[in-house]
Amino acid sequence: MKKKFYITTSIAYTNAPPHIGFALELVQADILARYHRILGEDVFFLTGTDEHGQKVVKAAEDAKKSPQEFVDVLSSRFKKLVEVLNLSNDGFIRTTDKKRHWPTVQKIWSKLEEGGDIYIKKYKGFYCFGCEAFIREKDLANGECPVHQTRPELIEEKNYFFRLSRYAKQVKEEIEANKIKVVPGARKNEILSFIEQGIEDISFSRPRKKVQWGIPVLSYIPKVGGIKSTTYVWVDALVNYISGLGGLSFISGVKNKYWPPDVQCIGKDILKFHALIWPAILIAAGLERPKNILVHGFITSGGQKMSKSLGNVIDPFELVKKYGTDAVRYFLLREIPPTEDGDFTYEKFKQRYNADLANGIGNLLARTLTMAEKYWLGIVPKIPQNTPETLSLGKFVTSGWVGNFQESIKEELIKSISSTENFSFNNSLFSVITSVFICDGYIEHHKLYKPAEKLGNKKEKIDAVLYNVLEGIRHIAWILLPFLPETANKIFEQLGLDPEKEKEKTFDETTKWGGLKPGTKFKKSKPLFPKI
RNA sequence: CGCGGGGUAGAGCAGCAGUAGCUCGUCUGGCUCAUAACCAGGAGGUCGUGUGGUGCAAAUCCCACCCCCGCAACCA
């Protein structure tokens with residue numbers, strides 16, 4: 001049976017249009033999804049939108065729309081983003097989906113109730129309407145909300161509570177033992193120390209009277225003082241990972257082949273929800289926990305937080321429109337460290353694009369195919385006999401490279417793959433660029449651009465060099481498949497290969513030297529990445 | 001003393017005890033197949049501070065201090 005691989009992104013909150021940060025998360029998840037498909041696994045890749053809660057209601061009011069109209073528009077914008085980034089997701093879940101999502105949430109709720117993990121408690125706290133949240137007494141400044149400088153109201157509510165305290169210890173143990181692996185380690189420590197500080201039960205509902213835009217609680221526990229409730233937005237949101245798999249049958253014991261998630265991609269701001277509350281819910285509901293939680297950082301814009309008032313918000317649509325999907329994917333993966341904050345500026349984007357894509361990958365393909373056209377009539381030469389001499393990397397040997405062309409390329413491929421498995425996408429792409437360097441250096445060392453006669457070389461020798469460079473490019477294209485799908489396709493096409501067939505190759509098949517058949521006609525086309 | 005991360009060439013980072021390294025940028029040379037590209041070489045750093053501690057040896061371990069940045073506060 002095929003190995004399964006279930007990967008999720010967090011679901012985007014629909015109170016504002018998408019920005020570049022969410023694009024980062026989508027792209028990271030997409031690399032993993034595509035990579036695991038290449039490995040031949042049965043992949044399910046889920047993303048979606050989180051559409052309930054007071055902030056949405058407020059945003060809708062400001063836009064003079066009903067909440068439903070409002071989220072419909074925003075959700076479709078997120079869906080559009082998923083398309084323009086060329087994501088390979090299998091599902092897109094919306095929390096306003098009353099058919100798939102609502103019953104799943106209610107089902108989970110009842111599982112928790114059955115286990116005795118839901119109870120009713122009177123809650124008293126200071127509520128700041130500016131924050132739309134309760135503020136702990138110790139955070140008040142002179143009795144005022146530190147952010148809004150207003151006096152919060154003392155509110156008393158009866159709500160349903162979840163016995164989070166009951167599960168904190170187990171969650172902690174699972175994270176410590178890497179049964180739930182939180183990546184990077186710094187985030188793991190962060191959540192562990194947070195749990196160590198003591199965990200209290202948390203409110204899992206708000207009175208219906210106050211919060212209508214959400215999923216109603218269907219409880220068999222008597223309504224608290226006759227007050228109907230709405231499910232806490234985070235419970236609602238987290239359950240998307242279950243409802244997005246299509247059905248809820250497996251909650252009742254029927255196995256779903258994709259459960260549990262293999263990787264859940266999230267931002268550092270929502271670590272607590274995913275590494276504490278979510279696993280606790282799953283334990284309580286008798287479901288397996290996610291295997292990996294991959295926590296990315298934030299993207300700053302010119303070193304500052306993106307904000308409307310600063311006017312430095314980066315619109316992912318605009319970027320894609322200007323530079324193309326693959327260029328945007330490339331920047332996000334190469335320039336932004338996968339689990340740390342990164343910075344976006346147009347200057348950096350341009351530098352990265354020109355150096356790696358235009359002068360690197362694009363130029364290598366262009367120069368090679370031009371030589372092939374000029375001296376080989378655009379046809380792959382007969383598979384030549386390689387000698388240590390034709391495989392030599394010359395000066396590279398002294399720079400510490402393995403002195404053999406084929407081995408060096410293969411070594412970078414292996415490095416790239418192992419980086420991907422460790423979620424080090426930037427290093428994966430660094431290995432790709434290193435491969436480009438190797439090809440360029442190899443061309444130089446063997447003076448591939450000098451016609452054979454002029455050099456007094458034997459024809460076969462220079463044939464071997466060209467052939468090797470072409471094979472190097474083919475390897476590069478293959479490793480680029482998950483990262484830059486369009487580009488990889490274009491490279492295959494220009495090499496005269498069928499992209500569909502190449503995609504199906506395994507690592508072992510691809511790295512077998514000789515994938516390009518002699519006599520194949522190249523289809524040189526326009527530059528992959530015009531310089532900007 | 002809240003918890004955590006970090007301060008290494010102009011920028012971004014790696015190294016975490018044993019001749020300071022990578023990418024980008026910059027300068028010089030080479031080459032001409034290429035998207036003014038590519039290749040080679042150079043310049044550029046007393047590795048936050050302390051004439052601090054431990055070691056034969058410290059970016060690397062310990063101590064003190066300074067500075068940034070996260071989390072704590074539902075923006076990915």
# chains A, B, ... in the order shown; residues from 1 in each chain; ligands from 1
>>> closest_atom_pairs(of="chain A", to="chain B", cutoff="8 Å", atoms="only C-alpha atoms (C1' of nucleotides)", output="tab-separated table")
residue	atom	partner	partner_atom	distance
A:Ala12	CA	B:A76	C1'	7.9
A:Gly21	CA	B:A76	C1'	4.9
A:Phe22	CA	B:A76	C1'	4.6
A:Leu24	CA	B:A76	C1'	7.9
A:Glu25	CA	B:A76	C1'	7.0
A:Ala186	CA	B:G5	C1'	7.5
A:Asn189	CA	B:G4	C1'	8.0
A:Glu190	CA	B:G4	C1'	6.4
A:Ser193	CA	B:C3	C1'	7.4
A:Phe194	CA	B:C3	C1'	7.9
A:Ile266	CA	B:A76	C1'	7.4
A:Gly267	CA	B:A76	C1'	5.2
A:Asp269	CA	B:A76	C1'	7.8
A:Phe298	CA	B:A76	C1'	6.7
A:Gln351	CA	B:C24	C1'	7.2
A:Arg352	CA	B:C24	C1'	7.6
A:Ala355	CA	B:C24	C1'	7.7
A:Ala358	CA	B:U35	C1'	6.3
A:Asn359	CA	B:A37	C1'	6.4
A:Gly362	CA	B:U35	C1'	7.4
A:Asn363	CA	B:A34	C1'	5.9
A:Leu364	CA	B:A34	C1'	7.3
A:Ala366	CA	B:A34	C1'	5.9
A:Arg367	CA	B:A34	C1'	3.9
A:Thr368	CA	B:C33	C1'	6.8
A:Thr370	CA	B:C33	C1'	6.3
A:Met371	CA	B:C33	C1'	5.1
A:Asp440	CA	B:C38	C1'	6.6
A:Gly441	CA	B:C39	C1'	6.4
A:Glu444	CA	B:C39	C1'	6.1
A:Leu448	CA	B:C33	C1'	7.7
A:Tyr449	CA	B:C33	C1'	5.0
A:Pro527	CA	B:U35	C1'	6.7
A:Phe529	CA	B:U35	C1'	7.7
A:Pro530	CA	B:U35	C1'	6.0
A:Lys531	CA	B:U35	C1'	5.9
>>> select_by_dssp(residues="segment 236-290 of chain A", states="strand (DSSP E or B)", output="list in words")
Val263, Gln264, Cys265, Ile266 and Gly267 of chain A
>>> select_by_dssp(residues="segment 56-195 of chain A", states="alpha helix (DSSP H)", output="MDAnalysis selection string")
chainID A and resid 56:62 67:84 101:114 164:176 185:195
>>> residues_around(residues="Gln28 of chain A", least_positions_apart="5", cutoff="8 Å", atoms="only C-alpha atoms (C1' of nucleotides)", output="ChimeraX atom specification")
/A:265,333,338,425
>>> write_last_selection(atoms="C-alpha atoms", output="tab-separated table (two decimals), in the first residue's frame")
chain	number	residue	atom	x	y	z
A	265	CYS	CA	2.26	24.40	8.70
A	333	LEU	CA	11.62	29.75	-0.16
A	338	PRO	CA	11.81	28.68	6.81
A	425	PHE	CA	13.87	24.89	1.92
>>> atom_distance(atom1="atom CA of Ile242 of chain A", atom2="atom CA of Ile120 of chain A")
25.5 Å
>>> atom_distance(atom1="atom CA of Asp62 of chain A", atom2="atom CA of Ala16 of chain A")
11.7 Å
>>> atom_distance(atom1="atom CA of Pro216 of chain A", atom2="atom CA of Arg77 of chain A")
26.6 Å
